[in-house]
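Raw model_24.csv, CSV, C-alpha atoms and all ligand atoms:
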chain,number,residue,atom,x,y,z
Y,1,MET,CA,101.5,50.2,133.7
Y,2,TYR,CA,104.1,52.9,132.8
Y,3,SER,CA,104.0,55.7,135.4
Y,4,GLY,CA,106.1,57.8,137.8
Y,5,PRO,CA,105.6,60.4,140.5
Y,6,GLY,CA,104.1,63.5,138.9
Y,7,VAL,CA,104.7,62.2,135.3
Y,8,LYS,CA,102.1,63.1,132.7
Y,9,THR,CA,101.3,60.7,129.9
Y,10,SER,CA,98.6,60.8,127.2
Y,11,ALA,CA,96.2,58.2,125.9
Y,12,ASP,CA,97.3,59.2,122.4
Y,13,PHE,CA,100.9,58.0,123.2
Y,14,PRO,CA,100.6,54.8,125.1
Y,15,ILE,CA,104.0,53.8,126.5
Y,16,PRO,CA,105.0,50.2,127.0
Y,17,ASP,CA,106.8,49.1,130.2
Y,18,MET,CA,109.6,47.5,128.2
Y,19,MET,CA,111.5,48.6,125.0
Y,20,LYS,CA,114.0,47.3,122.6
Y,21,ALA,CA,117.5,48.5,123.3
Y,22,TRP,CA,120.9,47.7,121.9
Y,23,VAL,CA,123.7,47.4,124.5
Y,24,LEU,CA,127.4,47.3,124.3
Y,25,GLY,CA,129.1,44.1,125.2
Y,26,ASN,CA,132.8,43.6,124.5
Y,27,PRO,CA,134.5,46.2,122.1
Y,28,GLY,CA,132.7,46.1,118.8
Y,29,GLU,CA,129.9,43.9,120.1
Y,30,LEU,CA,126.3,45.2,120.2
Y,31,LYS,CA,123.4,43.0,121.5
Y,32,LEU,CA,119.7,43.6,121.1
Y,33,THR,CA,117.9,43.3,124.4
Y,34,GLU,CA,115.0,44.7,126.4
Y,35,LYS,CA,115.1,47.4,129.0
Y,36,PRO,CA,112.4,49.1,131.1
Y,37,VAL,CA,111.3,52.3,129.5
Y,38,PRO,CA,112.9,55.1,131.7
Y,39,VAL,CA,110.8,57.5,133.7
Y,40,PRO,CA,111.5,61.3,133.5
Y,41,LYS,CA,112.2,63.3,136.7
Y,42,ARG,CA,112.0,67.1,137.3
Y,43,ALA,CA,112.9,69.1,134.1
Y,44,GLU,CA,113.0,66.0,132.0
Y,45,VAL,CA,110.8,64.4,129.3
Y,46,LEU,CA,110.6,61.0,127.8
Y,47,VAL,CA,111.3,61.1,124.1
Y,48,ARG,CA,110.1,58.3,121.8
Y,49,ILE,CA,113.1,58.0,119.4
Y,50,ASP,CA,112.0,58.1,115.8
Y,51,ALA,CA,115.4,58.3,114.1
Y,52,VAL,CA,119.1,58.2,115.2
Y,53,ALA,CA,122.2,59.0,113.1
Y,54,ILE,CA,125.5,57.2,113.6
Y,55,CYS,CA,128.4,59.4,114.4
Y,56,ALA,CA,132.1,58.7,114.1
Y,57,THR,CA,132.2,59.2,117.9
Y,58,ASP,CA,129.8,56.3,118.3
Y,59,LEU,CA,132.3,54.1,116.4
Y,60,GLU,CA,135.1,55.3,118.7
Y,61,ILE,CA,132.9,54.4,121.7
Y,62,ILE,CA,131.7,51.0,120.4
Y,63,TYR,CA,135.2,49.9,119.3
Y,64,HIS,CA,137.5,51.7,121.8
Y,65,GLY,CA,135.5,53.1,124.7
Y,66,PRO,CA,136.4,56.8,125.2
Y,67,PRO,CA,135.0,59.5,125.1
Y,68,ALA,CA,132.2,57.4,126.8
Y,69,SER,CA,132.6,57.1,130.5
Y,70,ILE,CA,130.2,54.8,132.4
Y,71,LEU,CA,130.4,54.6,136.2
Y,72,GLY,CA,133.8,56.4,135.8
Y,73,GLY,CA,135.3,53.9,133.4
Y,74,MET,CA,135.1,52.0,130.1
Y,75,PRO,CA,131.6,51.5,128.7
Y,76,PHE,CA,131.9,47.7,128.0
Y,77,ASN,CA,129.7,45.1,129.5
Y,78,LYS,CA,127.8,47.6,131.6
Y,79,ASN,CA,124.4,47.3,130.0
Y,80,PHE,CA,125.1,50.7,128.3
Y,81,THR,CA,123.2,51.8,125.3
Y,82,PRO,CA,125.2,54.1,123.0
Y,83,GLY,CA,123.9,56.5,120.3
Y,84,HIS,CA,123.5,60.2,120.7
Y,85,GLU,CA,122.3,61.9,117.5
Y,86,TYR,CA,118.6,61.2,117.7
Y,87,MET,CA,115.3,62.9,117.3
Y,88,GLY,CA,111.8,61.9,118.2
Y,89,THR,CA,108.4,62.8,119.7
Y,90,VAL,CA,107.8,63.9,123.3
Y,91,ALA,CA,105.9,60.9,124.9
Y,92,ALA,CA,105.7,61.8,128.6
Y,93,LEU,CA,106.4,64.9,130.8
Y,94,GLY,CA,108.3,64.9,134.0
Y,95,PRO,CA,106.9,66.7,137.1
Y,96,GLY,CA,106.3,70.4,136.4
Y,97,VAL,CA,107.3,70.3,132.7
Y,98,ASP,CA,105.2,72.7,130.7
Y,99,GLU,CA,107.8,73.8,128.1
Y,100,TYR,CA,107.0,71.0,125.7
Y,101,LYS,CA,103.8,69.0,124.9
Y,102,ILE,CA,103.2,65.3,124.5
Y,103,GLY,CA,103.2,64.6,120.7
Y,104,GLN,CA,105.7,67.5,119.9
Y,105,ARG,CA,108.5,66.6,117.5
Y,106,VAL,CA,112.0,67.5,118.8
Y,107,THR,CA,115.6,66.8,118.2
Y,108,VAL,CA,118.2,66.7,121.0
Y,109,GLU,CA,121.6,68.0,121.8
Y,110,ILE,CA,123.8,65.6,123.8
Y,111,HIS,CA,124.9,67.4,127.0
Y,112,ALA,CA,122.7,68.4,129.9
Y,113,GLY,CA,125.2,69.9,132.3
Y,114,CYS,CA,124.7,69.9,136.0
Y,115,GLY,CA,123.5,73.5,135.8
Y,116,GLN,CA,125.4,74.4,139.0
Y,117,CYS,CA,129.1,74.4,138.2
Y,118,LYS,CA,131.1,77.4,136.9
Y,119,ARG,CA,131.1,76.3,133.3
Y,120,CYS,CA,127.4,75.4,133.1
Y,121,ARG,CA,126.7,78.9,134.5
Y,122,GLU,CA,128.7,80.3,131.5
Y,123,GLY,CA,126.7,78.3,129.0
Y,124,MET,CA,129.6,75.9,128.5
Y,125,TYR,CA,127.7,72.8,129.6
Y,126,THR,CA,129.6,70.5,127.3
Y,127,SER,CA,132.6,71.3,129.6
Y,128,CYS,CA,130.6,70.7,132.8
Y,129,HIS,CA,132.9,70.2,135.8
Y,130,ASN,CA,130.6,67.5,137.0
Y,131,TYR,CA,130.9,65.5,133.8
Y,132,GLY,CA,129.9,61.9,134.2
Y,133,LEU,CA,128.8,62.4,137.8
Y,134,ASN,CA,125.3,61.0,137.4
Y,135,TYR,CA,125.2,57.7,139.3
Y,136,GLY,CA,124.0,56.8,142.7
Y,137,ASP,CA,125.4,58.9,145.6
Y,138,VAL,CA,127.3,61.3,143.3
Y,139,ASP,CA,124.4,62.1,141.0
Y,140,LYS,CA,124.9,65.8,140.1
Y,141,GLY,CA,122.2,65.7,137.4
Y,142,HIS,CA,124.8,65.7,134.6
Y,143,ARG,CA,123.8,63.7,131.5
Y,144,ALA,CA,125.5,63.2,128.2
Y,145,ASN,CA,123.2,60.6,126.5
Y,146,GLY,CA,125.3,58.0,124.7
Y,147,PHE,CA,128.4,59.1,126.5
Y,148,THR,CA,127.8,59.0,130.3
Y,149,THR,CA,124.1,57.9,130.3
Y,150,ASP,CA,122.1,55.6,128.1
Y,151,GLY,CA,121.7,56.9,124.6
Y,152,GLY,CA,119.6,56.5,121.5
Y,153,PHE,CA,120.0,53.1,120.0
Y,154,CYS,CA,116.7,52.1,121.6
Y,155,GLU,CA,113.0,53.1,121.5
Y,156,TYR,CA,112.8,55.7,124.3
Y,157,GLN,CA,115.1,58.0,126.2
Y,158,ILE,CA,115.1,60.6,128.9
Y,159,ASN,CA,116.2,64.1,128.0
Y,160,ASN,CA,116.5,67.3,130.1
Y,161,ILE,CA,114.3,70.0,128.6
Y,162,ASN,CA,117.4,72.1,128.1
Y,163,THR,CA,118.6,69.5,125.5
Y,164,LEU,CA,115.5,69.6,123.4
Y,165,VAL,CA,115.2,71.6,120.2
Y,166,ALA,CA,111.7,72.0,118.7
Y,167,ILE,CA,111.5,71.2,115.0
Y,168,PRO,CA,108.9,72.2,112.4
Y,169,ASP,CA,106.7,69.6,110.7
Y,170,ALA,CA,108.4,70.3,107.4
Y,171,MET,CA,111.7,68.9,108.7
Y,172,SER,CA,112.1,65.2,108.0
Y,173,ASP,CA,113.2,62.8,110.8
Y,174,GLU,CA,116.4,62.2,109.0
Y,175,GLU,CA,117.2,65.9,108.6
Y,176,ALA,CA,116.4,66.5,112.2
Y,177,THR,CA,119.1,64.0,113.3
Y,178,LEU,CA,121.6,66.3,111.7
Y,179,VAL,CA,120.8,69.4,113.8
Y,180,VAL,CA,123.3,68.4,116.4
Y,181,THR,CA,126.1,68.0,113.8
Y,182,ALA,CA,125.4,71.4,112.4
Y,183,GLY,CA,125.2,72.6,116.0
Y,184,THR,CA,128.8,71.4,116.7
Y,185,ALA,CA,130.0,73.3,113.6
Y,186,MET,CA,128.0,76.4,114.9
Y,187,TYR,CA,129.6,76.1,118.3
Y,188,GLY,CA,133.1,76.0,116.8
Y,189,LEU,CA,132.3,79.2,114.8
Y,190,THR,CA,130.8,80.7,118.0
Y,191,GLU,CA,134.0,80.0,119.9
Y,192,LEU,CA,136.1,81.5,117.1
Y,193,GLY,CA,134.4,84.8,117.6
Y,194,GLY,CA,130.9,84.4,116.3
Y,195,LEU,CA,130.9,87.3,113.9
Y,196,VAL,CA,131.7,85.5,110.7
Y,197,ALA,CA,130.2,87.7,107.9
Y,198,GLY,CA,132.9,88.8,105.5
Y,199,GLU,CA,135.6,86.8,107.3
Y,200,SER,CA,137.6,84.1,105.5
Y,201,VAL,CA,137.2,80.5,106.7
Y,202,VAL,CA,138.9,77.3,105.9
Y,203,VAL,CA,137.4,74.0,107.0
Y,204,THR,CA,139.8,71.1,107.0
Y,205,GLY,CA,138.3,67.6,106.6
Y,206,PRO,CA,135.0,66.9,104.8
Y,207,GLY,CA,133.4,64.6,107.4
Y,208,PRO,CA,129.9,65.4,108.6
Y,209,ILE,CA,131.0,68.2,110.9
Y,210,GLY,CA,133.3,69.7,108.3
Y,211,LEU,CA,130.7,69.6,105.5
Y,212,LEU,CA,128.1,71.2,107.8
Y,213,GLY,CA,130.8,73.6,109.0
Y,214,VAL,CA,131.1,74.8,105.4
Y,215,ALA,CA,127.3,75.2,105.2
Y,216,VAL,CA,127.0,77.0,108.5
Y,217,ALA,CA,130.0,79.3,107.8
Y,218,LYS,CA,128.5,80.2,104.4
Y,219,ALA,CA,125.0,80.8,106.0
Y,220,MET,CA,126.7,83.2,108.5
Y,221,GLY,CA,128.2,85.2,105.6
Y,222,ALA,CA,131.8,84.0,105.6
Y,223,SER,CA,133.7,84.8,102.5
Y,224,PRO,CA,135.5,83.0,101.0
Y,225,VAL,CA,134.8,79.5,102.5
Y,226,ILE,CA,137.5,77.0,101.5
Y,227,LEU,CA,137.2,73.2,102.2
Y,228,THR,CA,140.2,70.9,102.1
Y,229,GLY,CA,140.1,67.1,102.0
Y,230,THR,CA,141.3,63.9,100.2
Y,231,ARG,CA,138.2,62.6,98.5
Y,232,ASP,CA,136.7,64.4,95.5
Y,233,ASN,CA,133.2,63.0,96.1
Y,234,ARG,CA,133.1,64.6,99.5
Y,235,LEU,CA,134.6,67.9,98.2
Y,236,LYS,CA,131.9,68.0,95.6
Y,237,ILE,CA,129.2,67.8,98.4
Y,238,GLY,CA,131.1,70.6,100.1
Y,239,LYS,CA,130.7,72.8,97.0
Y,240,GLU,CA,127.0,72.0,96.9
Y,241,LEU,CA,126.8,73.1,100.6
Y,242,GLY,CA,128.5,76.5,99.8
Y,243,ALA,CA,132.3,76.1,99.6
Y,244,ASP,CA,133.7,78.8,97.3
Y,245,HIS,CA,136.8,76.7,96.8
Y,246,VAL,CA,137.8,73.2,97.4
Y,247,ILE,CA,141.4,71.8,97.7
Y,248,ASN,CA,142.3,68.2,97.3
Y,249,VAL,CA,145.3,67.9,99.5
Y,250,ARG,CA,146.5,64.9,97.5
Y,251,ASN,CA,147.0,67.1,94.5
Y,252,GLU,CA,148.4,70.3,95.9
Y,253,ASP,CA,149.9,71.8,99.1
Y,254,ALA,CA,146.9,72.9,101.1
Y,255,VAL,CA,148.7,75.8,102.9
Y,256,GLU,CA,150.0,77.3,99.7
Y,257,ALA,CA,146.6,76.8,98.0
Y,258,VAL,CA,144.8,78.5,100.8
Y,259,ARG,CA,147.1,81.5,100.7
Y,260,ARG,CA,146.8,81.8,96.9
Y,261,LEU,CA,143.0,81.6,97.1
Y,262,ASN,CA,142.8,84.3,99.7
Y,263,GLY,CA,144.9,87.0,98.0
Y,264,GLY,CA,148.3,85.8,99.3
Y,265,LYS,CA,147.3,86.1,103.0
Y,266,GLY,CA,146.1,83.5,105.4
Y,267,VAL,CA,142.5,83.3,106.4
Y,268,ASP,CA,140.9,84.6,109.5
Y,269,TYR,CA,139.6,81.3,110.8
Y,270,VAL,CA,140.3,77.6,110.4
Y,271,VAL,CA,137.9,74.9,111.6
Y,272,GLU,CA,140.0,71.7,111.9
Y,273,CYS,CA,137.8,68.7,111.4
Y,274,SER,CA,140.3,66.2,109.9
Y,275,GLY,CA,142.3,65.0,112.9
Y,276,ALA,CA,145.2,64.4,110.5
Y,277,PRO,CA,148.7,64.2,112.0
Y,278,ASN,CA,149.9,67.4,110.4
Y,279,ALA,CA,146.5,69.2,110.8
Y,280,VAL,CA,147.4,71.6,113.6
Y,281,ASN,CA,150.7,72.8,112.0
Y,282,ASP,CA,148.9,73.2,108.6
Y,283,ALA,CA,146.0,75.1,110.3
Y,284,VAL,CA,148.3,77.6,112.1
Y,285,ARG,CA,150.0,78.3,108.7
Y,286,MET,CA,146.7,78.7,106.9
Y,287,VAL,CA,145.5,81.5,109.3
Y,288,ASN,CA,146.8,85.1,109.0
Y,289,ARG,CA,148.6,86.8,111.9
Y,290,GLY,CA,146.2,87.0,114.9
Y,291,GLY,CA,144.0,84.3,113.3
Y,292,LYS,CA,142.1,81.7,115.1
Y,293,VAL,CA,142.0,77.9,114.8
Y,294,CYS,CA,139.2,75.7,116.2
Y,295,LEU,CA,140.0,72.1,116.8
Y,296,ALA,CA,136.9,69.9,116.4
Y,297,ALA,CA,138.4,66.5,115.6
Y,298,PHE,CA,139.9,64.1,118.1
Y,299,PRO,CA,143.2,62.5,116.8
Y,300,HIS,CA,144.2,59.2,118.3
Y,301,GLY,CA,147.8,59.9,119.2
Y,302,GLU,CA,149.7,63.0,120.3
Y,303,THR,CA,150.1,65.8,117.7
Y,304,PRO,CA,153.3,67.8,117.1
Y,305,VAL,CA,152.7,71.5,117.3
Y,306,ASP,CA,155.0,74.4,116.2
Y,307,VAL,CA,154.6,76.5,119.3
Y,308,ALA,CA,157.1,79.2,118.1
Y,309,HIS,CA,155.0,79.9,115.0
Y,310,ILE,CA,151.9,80.2,117.1
Y,311,VAL,CA,153.5,82.6,119.6
Y,312,ARG,CA,155.2,84.8,117.0
Y,313,ASN,CA,152.0,85.2,115.0
Y,314,ASN,CA,149.6,85.6,117.9
Y,315,ILE,CA,147.5,82.7,116.8
Y,316,TYR,CA,144.6,81.5,119.0
Y,317,LEU,CA,143.9,77.7,119.3
Y,318,TYR,CA,140.5,76.5,120.7
Y,319,GLY,CA,139.5,73.0,121.5
Y,320,ILE,CA,135.8,72.5,121.4
Y,321,ARG,CA,133.7,69.7,122.7
Y,322,GLY,CA,130.3,69.0,121.3
Y,323,GLU,CA,127.6,71.7,120.9
Y,324,GLY,CA,127.6,74.2,123.8
Y,325,LYS,CA,126.0,77.7,124.2
Y,326,SER,CA,122.7,76.6,122.6
Y,327,ALA,CA,124.4,76.4,119.2
Y,328,THR,CA,121.9,73.7,118.1
Y,329,HIS,CA,119.1,76.2,118.3
Y,330,ARG,CA,121.0,78.5,116.0
Y,331,ALA,CA,121.8,75.7,113.6
Y,332,GLU,CA,118.2,74.5,113.6
Y,333,ALA,CA,117.1,78.1,112.7
Y,334,PHE,CA,119.3,78.0,109.6
Y,335,MET,CA,118.0,74.5,108.7
Y,336,SER,CA,114.3,75.3,109.2
Y,337,GLN,CA,114.8,78.5,107.1
Y,338,LYS,CA,116.4,76.3,104.4
Y,339,ARG,CA,119.6,78.2,104.4
Y,340,PHE,CA,121.4,75.0,103.5
Y,341,ASP,CA,120.3,71.4,102.8
Y,342,ALA,CA,121.9,69.2,105.5
Y,343,THR,CA,120.3,66.1,103.9
Y,344,LYS,CA,123.0,66.2,101.3
Y,345,ILE,CA,125.2,64.3,103.8
Y,346,HIS,CA,122.5,61.7,104.7
Y,347,THR,CA,123.2,58.6,102.5
Y,348,HIS,CA,121.5,55.5,104.1
Y,349,THR,CA,118.6,54.5,106.3
Y,350,PHE,CA,118.2,51.1,108.1
Y,351,ALA,CA,115.8,49.7,110.6
Y,352,LEU,CA,116.8,49.9,114.3
Y,353,ASP,CA,116.9,46.0,114.3
Y,354,ASP,CA,119.7,46.3,111.6
Y,355,LEU,CA,121.9,48.5,113.6
Y,356,PRO,CA,125.1,46.3,113.2
Y,357,THR,CA,124.7,46.5,109.4
Y,358,ALA,CA,124.2,50.3,109.6
Y,359,ILE,CA,127.3,50.6,111.8
Y,360,ARG,CA,129.3,48.6,109.2
Y,361,TYR,CA,128.1,50.9,106.4
Y,362,ALA,CA,129.2,53.9,108.5
Y,363,LYS,CA,132.5,52.4,109.6
Y,364,GLU,CA,133.6,51.0,106.2
Y,365,ARG,CA,132.0,53.8,104.3
Y,366,ILE,CA,130.2,51.3,102.1
Y,367,GLU,CA,128.6,52.9,99.0
Y,368,ASP,CA,130.3,56.2,100.0
Y,369,ALA,CA,128.2,56.3,103.2
Y,370,ILE,CA,128.4,59.6,105.1
Y,371,LYS,CA,125.5,59.8,107.6
Y,372,VAL,CA,123.7,56.6,108.2
Y,373,VAL,CA,120.4,56.8,110.1
Y,374,VAL,CA,118.5,54.0,111.8
Y,375,LYS,CA,114.7,54.2,112.5
Y,376,ALA,CA,112.7,52.3,115.0
Y,377,ARG,CA,109.5,52.7,113.0
Y,378,GLY,CA,108.3,53.3,109.5
Y,379,VAL,CA,111.2,51.1,108.0
Y,380,SER,CA,110.8,47.4,107.4
Y,381,ALA,CA,113.6,45.2,108.8
Y,382,HIS,CA,115.9,45.6,105.9
Y,383,ARG,CA,117.7,48.5,104.2
Y,384,ILE,CA,115.6,51.1,102.5
Y,385,ALA,CA,116.6,53.2,99.6
Y,386,ALA,CA,119.3,55.8,100.0
Y,387,GLU,CA,118.2,59.3,99.2
F,1,ZN,ZN,128.1,62.8,117.2
F,2,ZN,ZN,128.1,71.7,135.3
Hey, can you dump this file as structure tokens for me?
Ligand SMILES: [Zn+2]
Ligand SMILES: [Zn+2]
Amino acid sequence: MYSGPGVKTSADFPIPDMMKAWVLGNPGELKLTEKPVPVPKRAEVLVRIDAVAICATDLEIIYHGPPASILGGMPFNKNFTPGHEYMGTVAALGPGVDEYKIGQRVTVEIHAGCGQCKRCREGMYTSCHNYGLNYGDVDKGHRANGFTTDGGFCEYQINNINTLVAIPDAMSDEEATLVVTAGTAMYGLTELGGLVAGESVVVTGPGPIGLLGVAVAKAMGASPVILTGTRDNRLKIGKELGADHVINVRNEDAVEAVRRLNGGKGVDYVVECSGAPNAVNDAVRMVNRGGKVCLAAFPHGETPVDVAHIVRNNIYLYGIRGEGKSATHRAEAFMSQKRFDATKIHTHTFALDDLPTAIRYAKERIEDAIKVVVKARGVSAHRIAAE
């Protein structure tokens, strides 16, 4: 029977001993297997995973490895379960946990820092100095589910209570999986200065973080909000999420267009979500003197940077990783107040058993897929209608 020292369960949520779990074999190879249902420790709960969205970073991990780091190395053939953008229902409480109840719906953020290093103490737990130190003799309590610890392409997972975000009944499972994406955009805007009302913002790259970056910037009162990209269908969604202007960079010079649309001056902030080779040099030319650029995409190779332009113009560049400083809670507040409709980026849902098909849709952008969600329950073992 499922149990652990001091762990509380409920007859209303019977927990099996074993669960379905996808594990990563060689690069690109996922295998459906069974694992024991994990048991929460102090300050942790067991979450029954009800829905999990596929992220571009999952594709990086499954096909290339980084930024996952398992036992200090590549994640292949280590019985590792990827997946990090999930939501679900609290199913068991670790010893002493009274912050959440069994049966409560929650979504999760990824990083539980160690809580004891300099960065964690500053709220920058996504930059924890004990990142990945969570095995055996060097267990510092750090977890980044789907990166350094098992993630969400399975039926149950352990989460530190600091990574939980309570969600209202009115928020669908699919929408709740998008809180962490909106939270990443929110963290980027927080690091740029936080006070965004009346400031001009460009978002480059209409992927999920870029599109929700537009929505969050608009909800925070930015004006104007300008989105750049190469695909008109995505730019159209950006308009629906609040972009005042969109620029298709195939048709016009993005730097010139931004300056024209903002009265001849550059903008205050750029949130760079494209990872394009010229993205940093374009971004530092889109901002005005003293402007700030947040880098939220990971390009594959090295990126040329015009340092002289940055220095002469007192431009600030920030790398951000994930969703620190409790940004998911602020993003969830906008979403539960219906300040924007994140579900505009959810395009497909599959059963958990069909994960490889779901991954193929996300990777090859079949039928213009943006956010593809898999569900362990409530979906028969074939694709269900897109919204
Ligand atoms: Zn992600
Ligand atoms: Zn830490």
Give me the residues near stretch 193-203 of chain Y as a ChimeraX atom specification, where near means some atom within 7 Å (using all atoms listed in the file) and where sequence neighbours in that chain fewer than 3 positions away do not count.
/Y:189-190,210,213-214,220-228,267-273
Create the file for the chosen residues now, containing C-alpha atoms and written as a CSV table (one decimal), in the frame of the given file.
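Just written: again-v9.csv:
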chain,number,residue,atom,x,y,z
Y,189,LEU,CA,132.3,79.2,114.8
Y,190,THR,CA,130.8,80.7,118.0
Y,210,GLY,CA,133.3,69.7,108.3
Y,213,GLY,CA,130.8,73.6,109.0
Y,214,VAL,CA,131.1,74.8,105.4
Y,220,MET,CA,126.7,83.2,108.5
Y,221,GLY,CA,128.2,85.2,105.6
Y,222,ALA,CA,131.8,84.0,105.6
Y,223,SER,CA,133.7,84.8,102.5
Y,224,PRO,CA,135.5,83.0,101.0
Y,225,VAL,CA,134.8,79.5,102.5
Y,226,ILE,CA,137.5,77.0,101.5
Y,227,LEU,CA,137.2,73.2,102.2
Y,228,THR,CA,140.2,70.9,102.1
Y,267,VAL,CA,142.5,83.3,106.4
Y,268,ASP,CA,140.9,84.6,109.5
Y,269,TYR,CA,139.6,81.3,110.8
Y,270,VAL,CA,140.3,77.6,110.4
Y,271,VAL,CA,137.9,74.9,111.6
Y,272,GLU,CA,140.0,71.7,111.9
Y,273,CYS,CA,137.8,68.7,111.4
Environment of ligand ZN 1 (chain F) within 7 Å, counting all atoms listed in the file, reported as a PyMOL selection string:
chain Y and resi 55-58+84-85+181
Selected residue of minimal separation from Y:His64 among Y:His348, Y:Val258, Y:Ala217, Y:His300, counting all atoms listed in the file
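Between Y:His348, Y:Val258, Y:Ala217, Y:His300, the residue approaching Y:His64 most closely is Y:His300.
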In terms of all atoms listed in the file, the residue from Y:Glu34, Y:Thr126, Y:Pro95, Y:Tyr2 at minimal distance from ligand ZN 2 (chain F) is Y:Thr126
Select the residues contacting ligand ZN 2 (chain F) at a distance of at most 7 Å, based on all atoms listed in the file, then format the selection as a list in words.
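The distance check yields Gly113, Cys114, Gly115, Gln116, Cys117, Lys118, Arg119, Cys120, Tyr125, Cys128, His129, Asn130, Tyr131 and His142 of chain Y.
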Which residues, written as a list in words, have at least one atom at most 7 Å from Y:Ala166, with only C-alpha atoms counted and residues fewer than 6 positions away on the same chain left out?
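Everything that qualifies: Arg105, Val106 and Thr107 of chain Y.
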Please compute the atom CA of Y:Arg42-atom CA of Y:Gly94 distance, one decimal, in Å.
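Distance between the two atoms: 5.4 Å.
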Shortest interatomic distance to Y:Gly264 - which of Y:Asp244, Y:Ala51, Y:Gly207, Y:Val287, counting all atoms listed in the file
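Counting all atoms listed in the file, the residue closest to Y:Gly264 is Y:Val287.
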Determine, counting all atoms listed in the file, which protein, DNA and RNA residues have an atom within 10 Å of an atom of stretch 316-318 of chain Y; residues of the same chain fewer than 4 positions away are not included. Present the result as JSON, numbers by chain.
{"Y": [188, 191, 192, 269, 270, 271, 280, 283, 284, 287, 289, 290, 291, 292, 293, 294, 295, 296, 310, 311]}
Considering all atoms listed in the file, can you say which of Y:Ile70, Y:Leu352, Y:Ile102, Y:Val37 comes closest to Y:Gln157?
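Checking each of Y:Ile70, Y:Leu352, Y:Ile102, Y:Val37 against Y:Gln157, counting all atoms listed in the file, the winner is Y:Val37.
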Between atom CA of Y:Gly152 and atom CA of Y:Val379, what distance in Å does the model show, to one decimal?
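We find that atom CA of Y:Gly152 and atom CA of Y:Val379 lie 16.8 Å from each other.
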Do a neighbour search on Y:Ala219 at 10 Å with all atoms listed in the file, toss out local chain neighbours closer than 6 positions, and write the hits as a list in words.
Val196, Ala197, Gly213, Leu241, Gly242, Ala331, Phe334, Met335, Lys338, Arg339 and Phe340 of chain Y
Rows by chain and residue number, stretch 49-167 of chain Y within 6 Å of stretch 14-32 of chain Y, shortest pair, all atoms listed in the file, as a Markdown table:
| residue | atom | partner | partner_atom | distance |
| --- | --- | --- | --- | --- |
| Y:Ile62 | CA | Y:Gly28 | CA | 5.3 |
| Y:Tyr63 | CA | Y:Gly28 | CA | 4.6 |
| Y:Phe76 | CA | Y:Gly25 | CA | 5.4 |
| Y:Asn77 | CA | Y:Gly25 | CA | 4.5 |
| Y:Asn79 | CA | Y:Val23 | CA | 5.5 |
| Y:Phe80 | CA | Y:Val23 | CA | 5.2 |
| Y:Thr81 | CA | Y:Val23 | CA | 4.5 |
| Y:Phe153 | CA | Y:Trp22 | CA | 5.8 |
| Y:Cys154 | CA | Y:Ala21 | CA | 4.1 |
| Y:Glu155 | CA | Y:Met19 | CA | 5.9 |
Could you tell me which of Y:Lys344, Y:Val255, Y:Arg143, Y:Met87 comes closest to Y:Val47 if we count only C-alpha atoms?
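Among Y:Lys344, Y:Val255, Y:Arg143, Y:Met87, it is Y:Met87 that comes nearest to Y:Val47.
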May I have the residues within 6 Å of Y:Val52 as a PyMOL selection string, using only C-alpha atoms and disregarding those fewer than 4 positions away in the same chain?
chain Y and resi 85-86+373-374
Between atom CA of Y:Glu256 and atom CA of Y:Asp282, distance in Å (one decimal)
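Taking atom CA of Y:Glu256 as the start and atom CA of Y:Asp282 as the end point, the length is 9.9 Å.
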